[in-house]
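Note sheet for the following structure.
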Amino acid sequence: MMFKSSTTAVPDTPSVPRHIAIIMDGNGRWATKRFLPRVAGHVKGVEAVRGVVEHCVELGVEYLTLFAFSSENWRRPAEEVSLLMRLFVTALEREVSKMHANNIRLKVVGDLSRFDAKLQDMIAAAERRTANNTRLTVSVCANYGGRWDIMQATGKMVQANPGVTEFTEEMLAPHLAMAYAPEPDLFIRTGGEERISNFLLWQLAYSELYFTQTFWPDFSPEALDEAIASFRQRERRFGQTGEQVAKKTN
């Protein structure tokens with residue numbers, strides 16, 4: 001199924017976001033404040049993921065996208081990167097069976113070629129196992145960057161259309177890494193920073209942005225409810241006037 005872009009068609013505006021995208025920021029700072037090693041924050045962050053996934057299922061959210069590891073995160077200390085990779089493996093080992101039992105599909109999005117063969121195999125196996133699940137699609141962005149996504153999609157589009165020199169959004173869209181999902185309705189970033197950090201640059205064109213000081217390990221289902229309550233207060237115009245939107249809702 002192909003989803004229309006918010007710049008080419010006005011999408012529906014549900015009261016519960018159909019698709020939520022989250023930058024899970026603040027794990028390291030959460031740990032540092034508690035005089036713990038940074039990895040302790042990442043371990044605690046995995047627990048927060050579990051709570052948010054369960055709450056999204058309860059709310060009827062269809063797509064949840066989590067920014068786990070950006071293409072720029074390789075710049076972090078080698079020890080921390082190694083620990084993050086091991087944590088990724090552990091999370092896959094522990095969580096995939098639970099996700100499958102709860103009818104949750106897992107997708108891992110990004111340039112996976114830089115990961116070791118074992119992790120690539122585990123990702124592929126997890127995606128195959130959960131491919132037909134329909135309750136919630138959880139996408140984990142790993143070694144992902146928005147500019148990488150646009151560039152790889154552009155390359156595939158050009159390759160698929162030899163000799164063509166003029167292109168449209170509709171020609172590019174099927175090649176984006178998350179072509180299987182609608183654009184996010186709500187973007188959340190925890191940890192106090194207010195930027196999108198090369199995350200879903202194409203897809204966030206008309207998403208509602210929500211920033212919170214809460215560090216990711218402390219981001220609870222109740223915190224998600226607060227973000228959604230803020231989302232419900234927004235008037236989503238998609239280039240229209242407020243009067244036009246009011247006429248449609250009356």
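Chains: A, B, ... in order of the structure tokens. Residues: from 1 per chain. Ligands: from 1, in order shown.
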Using only C-alpha atoms, determine which residues lie at most 12 Å from Leu119 (chain A), disregarding the query and same-chain residues fewer than 5 positions distant; provide the list as a ChimeraX atom specification.
/A:84-93,108,112-114,124-126,142
Kindly save the residues from that selection, with N, CA, C and O atoms included, as a PDB file, in the first residue's frame.
```pdb
ATOM      1  N   LEU A  84      26.285  -0.333  22.866  1.00  0.00           N
ATOM      2  CA  LEU A  84      24.983  -0.144  22.223  1.00  0.00           C
ATOM      3  C   LEU A  84      24.674  -1.288  21.261  1.00  0.00           C
ATOM      4  O   LEU A  84      23.533  -1.756  21.185  1.00  0.00           O
ATOM      5  N   MET A  85      25.670  -1.743  20.541  1.00  0.00           N
ATOM      6  CA  MET A  85      25.465  -2.861  19.621  1.00  0.00           C
ATOM      7  C   MET A  85      25.098  -4.129  20.386  1.00  0.00           C
ATOM      8  O   MET A  85      24.190  -4.878  19.988  1.00  0.00           O
ATOM      9  N   ARG A  86      25.770  -4.369  21.494  1.00  0.00           N
ATOM     10  CA  ARG A  86      25.453  -5.550  22.302  1.00  0.00           C
ATOM     11  C   ARG A  86      24.052  -5.440  22.896  1.00  0.00           C
ATOM     12  O   ARG A  86      23.321  -6.429  22.984  1.00  0.00           O
ATOM     13  N   LEU A  87      23.692  -4.233  23.294  1.00  0.00           N
ATOM     14  CA  LEU A  87      22.348  -4.026  23.834  1.00  0.00           C
ATOM     15  C   LEU A  87      21.287  -4.267  22.773  1.00  0.00           C
ATOM     16  O   LEU A  87      20.214  -4.820  23.053  1.00  0.00           O
ATOM     17  N   PHE A  88      21.577  -3.876  21.543  1.00  0.00           N
ATOM     18  CA  PHE A  88      20.658  -4.108  20.432  1.00  0.00           C
ATOM     19  C   PHE A  88      20.425  -5.604  20.245  1.00  0.00           C
ATOM     20  O   PHE A  88      19.288  -6.065  20.091  1.00  0.00           O
ATOM     21  N   VAL A  89      21.507  -6.378  20.268  1.00  0.00           N
ATOM     22  CA  VAL A  89      21.399  -7.835  20.133  1.00  0.00           C
ATOM     23  C   VAL A  89      20.558  -8.406  21.275  1.00  0.00           C
ATOM     24  O   VAL A  89      19.642  -9.219  21.060  1.00  0.00           O
ATOM     25  N   THR A  90      20.850  -7.970  22.498  1.00  0.00           N
ATOM     26  CA  THR A  90      20.118  -8.476  23.661  1.00  0.00           C
ATOM     27  C   THR A  90      18.629  -8.145  23.573  1.00  0.00           C
ATOM     28  O   THR A  90      17.767  -8.981  23.863  1.00  0.00           O
ATOM     29  N   ALA A  91      18.335  -6.913  23.158  1.00  0.00           N
ATOM     30  CA  ALA A  91      16.930  -6.508  23.041  1.00  0.00           C
ATOM     31  C   ALA A  91      16.200  -7.349  22.002  1.00  0.00           C
ATOM     32  O   ALA A  91      15.047  -7.748  22.210  1.00  0.00           O
ATOM     33  N   LEU A  92      16.869  -7.625  20.880  1.00  0.00           N
ATOM     34  CA  LEU A  92      16.242  -8.472  19.866  1.00  0.00           C
ATOM     35  C   LEU A  92      15.965  -9.866  20.420  1.00  0.00           C
ATOM     36  O   LEU A  92      14.884 -10.433  20.207  1.00  0.00           O
ATOM     37  N   GLU A  93      16.938 -10.415  21.153  1.00  0.00           N
ATOM     38  CA  GLU A  93      16.778 -11.761  21.713  1.00  0.00           C
ATOM     39  C   GLU A  93      15.602 -11.818  22.696  1.00  0.00           C
ATOM     40  O   GLU A  93      14.868 -12.809  22.747  1.00  0.00           O
ATOM     41  N   VAL A 108      13.382  -2.733  10.930  1.00  0.00           N
ATOM     42  CA  VAL A 108      14.611  -2.015  11.276  1.00  0.00           C
ATOM     43  C   VAL A 108      15.045  -1.260  10.031  1.00  0.00           C
ATOM     44  O   VAL A 108      15.245  -1.858   8.969  1.00  0.00           O
ATOM     45  N   LEU A 112      22.093  -0.966   7.098  1.00  0.00           N
ATOM     46  CA  LEU A 112      22.485  -2.034   8.023  1.00  0.00           C
ATOM     47  C   LEU A 112      23.818  -2.680   7.643  1.00  0.00           C
ATOM     48  O   LEU A 112      24.318  -3.532   8.379  1.00  0.00           O
ATOM     49  N   SER A 113      24.395  -2.273   6.535  1.00  0.00           N
ATOM     50  CA  SER A 113      25.621  -2.924   6.048  1.00  0.00           C
ATOM     51  C   SER A 113      26.802  -2.748   7.006  1.00  0.00           C
ATOM     52  O   SER A 113      27.750  -3.530   6.972  1.00  0.00           O
ATOM     53  N   ARG A 114      26.751  -1.736   7.859  1.00  0.00           N
ATOM     54  CA  ARG A 114      27.876  -1.482   8.766  1.00  0.00           C
ATOM     55  C   ARG A 114      27.814  -2.345  10.016  1.00  0.00           C
ATOM     56  O   ARG A 114      28.776  -2.439  10.766  1.00  0.00           O
ATOM     57  N   ALA A 124      17.144  -9.567  10.188  1.00  0.00           N
ATOM     58  CA  ALA A 124      16.395 -10.173   9.084  1.00  0.00           C
ATOM     59  C   ALA A 124      15.429 -11.240   9.596  1.00  0.00           C
ATOM     60  O   ALA A 124      14.274 -11.325   9.150  1.00  0.00           O
ATOM     61  N   ALA A 125      15.887 -12.057  10.551  1.00  0.00           N
ATOM     62  CA  ALA A 125      15.037 -13.114  11.106  1.00  0.00           C
ATOM     63  C   ALA A 125      13.849 -12.518  11.868  1.00  0.00           C
ATOM     64  O   ALA A 125      12.719 -13.016  11.766  1.00  0.00           O
ATOM     65  N   ALA A 126      14.093 -11.445  12.623  1.00  0.00           N
ATOM     66  CA  ALA A 126      13.016 -10.810  13.388  1.00  0.00           C
ATOM     67  C   ALA A 126      11.980 -10.199  12.453  1.00  0.00           C
ATOM     68  O   ALA A 126      10.768 -10.294  12.697  1.00  0.00           O
ATOM     69  N   ALA A 142      18.109   2.537  12.780  1.00  0.00           N
ATOM     70  CA  ALA A 142      19.451   2.213  13.255  1.00  0.00           C
ATOM     71  C   ALA A 142      20.453   2.443  12.126  1.00  0.00           C
ATOM     72  O   ALA A 142      20.255   1.944  11.019  1.00  0.00           O
TER      73      ALA A 142
END
```
Could you list, as a VMD selection string, every residue within 7 Å of Ile23 (chain A), counting only C-alpha atoms and ignoring same-chain residues fewer than 5 positions away?
chain A and resid 66 to 67 188 to 190
Mind writing the picked residues with N, CA and C atoms as a PDB file, in the first residue's frame?
```pdb
ATOM      1  N   LEU A  66      11.050   4.677  16.184  1.00  0.00           N
ATOM      2  CA  LEU A  66      11.986   5.055  17.229  1.00  0.00           C
ATOM      3  C   LEU A  66      13.385   5.241  16.649  1.00  0.00           C
ATOM      4  N   PHE A  67      14.000   6.380  16.938  1.00  0.00           N
ATOM      5  CA  PHE A  67      15.350   6.667  16.470  1.00  0.00           C
ATOM      6  C   PHE A  67      16.324   6.101  17.501  1.00  0.00           C
ATOM      7  N   ILE A 188       7.992  13.341  18.588  1.00  0.00           N
ATOM      8  CA  ILE A 188       8.348  13.627  19.979  1.00  0.00           C
ATOM      9  C   ILE A 188       9.859  13.533  20.133  1.00  0.00           C
ATOM     10  N   ARG A 189      10.440  14.519  20.828  1.00  0.00           N
ATOM     11  CA  ARG A 189      11.840  14.395  21.218  1.00  0.00           C
ATOM     12  C   ARG A 189      11.934  14.620  22.720  1.00  0.00           C
ATOM     13  N   THR A 190      12.530  13.660  23.401  1.00  0.00           N
ATOM     14  CA  THR A 190      12.746  13.773  24.837  1.00  0.00           C
ATOM     15  C   THR A 190      14.120  14.395  25.098  1.00  0.00           C
TER      16      THR A 190
END
```
So which bits of region 60-226 of chain A end up strand (DSSP E or B) when you DSSP the backbone, as JSON, numbers by chain?
{"A": [63, 64, 65, 66, 67, 68, 69, 70, 104, 105, 106, 107, 108, 109, 136, 137, 138, 139, 140, 141, 142, 143, 144, 186, 187, 188, 189, 208, 209, 210, 211]}
Applying 10 Å and only C-alpha atoms, which residues near region 196-202 of chain A remain after dropping the ones on its own chain fewer than 5 positions away? List them as a list in words.
Ser5, Ala21, Ile22, Ile23, Thr65, Leu66, Phe67, Ser70, Ser71, Glu72, Cys141, Tyr144, Gly145, Gly146, Arg147, Trp148, Asp149, Ile150, Ala173, Leu176, Ala177, Met178, Glu183, Pro184, Phe187, Ile188, Arg189 and Leu209 of chain A
Those residues you just picked out, can you put them in a file as an mmCIF file, in the first residue's frame with N, CA, C and O atoms?
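Wrote it out as out32.cif, contents follow:
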```cif
data_model
loop_
_atom_site.group_PDB
_atom_site.id
_atom_site.type_symbol
_atom_site.label_atom_id
_atom_site.label_comp_id
_atom_site.auth_asym_id
_atom_site.auth_seq_id
_atom_site.Cartn_x
_atom_site.Cartn_y
_atom_site.Cartn_z
ATOM 1 N N SER A 5 1.630 11.676 0.159
ATOM 2 C CA SER A 5 2.408 12.684 0.848
ATOM 3 C C SER A 5 1.507 13.819 1.306
ATOM 4 O O SER A 5 0.544 14.185 0.623
ATOM 5 N N ALA A 21 6.486 9.272 15.839
ATOM 6 C CA ALA A 21 7.928 9.098 15.678
ATOM 7 C C ALA A 21 8.628 9.754 16.864
ATOM 8 O O ALA A 21 8.271 10.865 17.264
ATOM 9 N N ILE A 22 9.621 9.070 17.415
ATOM 10 C CA ILE A 22 10.261 9.556 18.647
ATOM 11 C C ILE A 22 11.783 9.511 18.535
ATOM 12 O O ILE A 22 12.361 8.484 18.158
ATOM 13 N N ILE A 23 12.438 10.623 18.899
ATOM 14 C CA ILE A 23 13.875 10.618 19.171
ATOM 15 C C ILE A 23 14.023 10.383 20.674
ATOM 16 O O ILE A 23 13.625 11.226 21.488
ATOM 17 N N THR A 65 7.674 4.805 15.393
ATOM 18 C CA THR A 65 9.030 4.808 14.843
ATOM 19 C C THR A 65 9.980 5.403 15.859
ATOM 20 O O THR A 65 9.759 6.513 16.360
ATOM 21 N N LEU A 66 11.050 4.677 16.184
ATOM 22 C CA LEU A 66 11.986 5.055 17.229
ATOM 23 C C LEU A 66 13.385 5.241 16.649
ATOM 24 O O LEU A 66 13.896 4.362 15.947
ATOM 25 N N PHE A 67 14.000 6.380 16.938
ATOM 26 C CA PHE A 67 15.350 6.667 16.470
ATOM 27 C C PHE A 67 16.324 6.101 17.501
ATOM 28 O O PHE A 67 16.549 6.686 18.555
ATOM 29 N N SER A 70 21.739 6.906 15.173
ATOM 30 C CA SER A 70 21.854 7.665 13.937
ATOM 31 C C SER A 70 23.168 7.362 13.224
ATOM 32 O O SER A 70 24.112 6.817 13.815
ATOM 33 N N SER A 71 23.239 7.751 11.960
ATOM 34 C CA SER A 71 24.483 7.563 11.208
ATOM 35 C C SER A 71 25.606 8.413 11.783
ATOM 36 O O SER A 71 26.785 8.129 11.547
ATOM 37 N N GLU A 72 25.260 9.447 12.571
ATOM 38 C CA GLU A 72 26.279 10.273 13.215
ATOM 39 C C GLU A 72 26.715 9.713 14.570
ATOM 40 O O GLU A 72 27.730 10.154 15.132
ATOM 41 N N CYS A 141 14.911 2.844 13.850
ATOM 42 C CA CYS A 141 15.864 3.449 12.918
ATOM 43 C C CYS A 141 17.274 3.281 13.482
ATOM 44 O O CYS A 141 17.586 3.818 14.554
ATOM 45 N N TYR A 144 20.694 5.183 10.747
ATOM 46 C CA TYR A 144 19.773 5.886 9.860
ATOM 47 C C TYR A 144 20.074 7.377 9.881
ATOM 48 O O TYR A 144 20.424 7.937 10.922
ATOM 49 N N GLY A 145 19.893 8.028 8.742
ATOM 50 C CA GLY A 145 19.946 9.478 8.652
ATOM 51 C C GLY A 145 18.977 9.934 7.582
ATOM 52 O O GLY A 145 18.804 9.264 6.553
ATOM 53 N N GLY A 146 18.317 11.045 7.811
ATOM 54 C CA GLY A 146 17.344 11.541 6.845
ATOM 55 C C GLY A 146 17.966 11.852 5.494
ATOM 56 O O GLY A 146 17.356 11.595 4.445
ATOM 57 N N ARG A 147 19.168 12.414 5.499
ATOM 58 C CA ARG A 147 19.822 12.717 4.224
ATOM 59 C C ARG A 147 20.226 11.433 3.510
ATOM 60 O O ARG A 147 20.103 11.333 2.287
ATOM 61 N N TRP A 148 20.695 10.438 4.275
ATOM 62 C CA TRP A 148 20.998 9.133 3.663
ATOM 63 C C TRP A 148 19.747 8.578 3.000
ATOM 64 O O TRP A 148 19.803 8.057 1.871
ATOM 65 N N ASP A 149 18.617 8.686 3.679
ATOM 66 C CA ASP A 149 17.364 8.141 3.158
ATOM 67 C C ASP A 149 17.010 8.793 1.824
ATOM 68 O O ASP A 149 16.671 8.108 0.843
ATOM 69 N N ILE A 150 17.077 10.117 1.770
ATOM 70 C CA ILE A 150 16.733 10.823 0.535
ATOM 71 C C ILE A 150 17.718 10.479 -0.585
ATOM 72 O O ILE A 150 17.315 10.257 -1.741
ATOM 73 N N ALA A 173 8.820 8.632 -3.757
ATOM 74 C CA ALA A 173 8.220 8.104 -2.528
ATOM 75 C C ALA A 173 8.365 6.592 -2.346
ATOM 76 O O ALA A 173 8.670 6.138 -1.237
ATOM 77 N N LEU A 176 11.743 5.520 -0.621
ATOM 78 C CA LEU A 176 12.134 5.937 0.720
ATOM 79 C C LEU A 176 12.106 4.744 1.664
ATOM 80 O O LEU A 176 11.328 3.799 1.483
ATOM 81 N N ALA A 177 12.947 4.789 2.677
ATOM 82 C CA ALA A 177 13.103 3.635 3.563
ATOM 83 C C ALA A 177 11.823 3.270 4.296
ATOM 84 O O ALA A 177 11.626 2.113 4.667
ATOM 85 N N MET A 178 10.939 4.262 4.513
ATOM 86 C CA MET A 178 9.698 3.985 5.226
ATOM 87 C C MET A 178 8.484 4.170 4.338
ATOM 88 O O MET A 178 7.422 4.646 4.777
ATOM 89 N N GLU A 183 3.143 9.191 6.761
ATOM 90 C CA GLU A 183 4.005 10.163 7.417
ATOM 91 C C GLU A 183 3.587 10.308 8.884
ATOM 92 O O GLU A 183 2.415 10.188 9.212
ATOM 93 N N PRO A 184 4.550 10.580 9.777
ATOM 94 C CA PRO A 184 4.182 10.730 11.190
ATOM 95 C C PRO A 184 3.217 11.882 11.420
ATOM 96 O O PRO A 184 3.378 12.963 10.859
ATOM 97 N N PHE A 187 5.617 13.993 16.143
ATOM 98 C CA PHE A 187 7.041 13.773 16.407
ATOM 99 C C PHE A 187 7.320 14.204 17.842
ATOM 100 O O PHE A 187 6.937 15.293 18.259
ATOM 101 N N ILE A 188 7.992 13.341 18.588
ATOM 102 C CA ILE A 188 8.348 13.627 19.979
ATOM 103 C C ILE A 188 9.859 13.533 20.133
ATOM 104 O O ILE A 188 10.485 12.593 19.637
ATOM 105 N N ARG A 189 10.440 14.519 20.828
ATOM 106 C CA ARG A 189 11.840 14.395 21.218
ATOM 107 C C ARG A 189 11.934 14.620 22.720
ATOM 108 O O ARG A 189 11.481 15.630 23.237
ATOM 109 N N LEU A 209 5.256 18.826 16.089
ATOM 110 C CA LEU A 209 6.479 18.611 16.863
ATOM 111 C C LEU A 209 6.214 18.845 18.352
ATOM 112 O O LEU A 209 5.591 19.838 18.736
#
```
Counting only C-alpha atoms, what is within 6 Å of region 38-46 of chain A, bar same-chain residues fewer than 4 positions away, as a list in words?
Asn27, Gly28, Trp30, Ala31 and Pro217 of chain A
Using only C-alpha atoms, determine which residues lie at most 12 Å from His100 (chain A), disregarding the query and same-chain residues fewer than 3 positions distant; provide the list as a ChimeraX atom specification.
/A:92,94-97,103-106,125-138
Would you mind telling me which residue in A:Pro221, A:Arg195, A:Glu235, A:Phe215 lies nearest to Lys33 (chain A) when using only C-alpha atoms?
A:Phe215
Write out as a count of residues only all residues of region 79-180 of chain A that DSSP puts in helix (DSSP H, G or I) for this structure's backbone.
62
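From CA of Met24 (chain A) back to CA of Leu59 (chain A), the distance works out to 19.8 Å.
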Extract, using only C-alpha atoms, all DNA, RNA and protein residues at most 8 Å from Ser220 (chain A), discarding same-chain residues fewer than 5 positions from it, and format them as a VMD selection string.
chain A and resid 48 51 to 52
Could you tell me how far CA of Val53 (chain A) sits from CA of Ile228 (chain A), in Å to one decimal place?
14.4 Å
Separation of CA of Met157 (chain A) from CA of Phe69 (chain A) in Å
25.8 Å
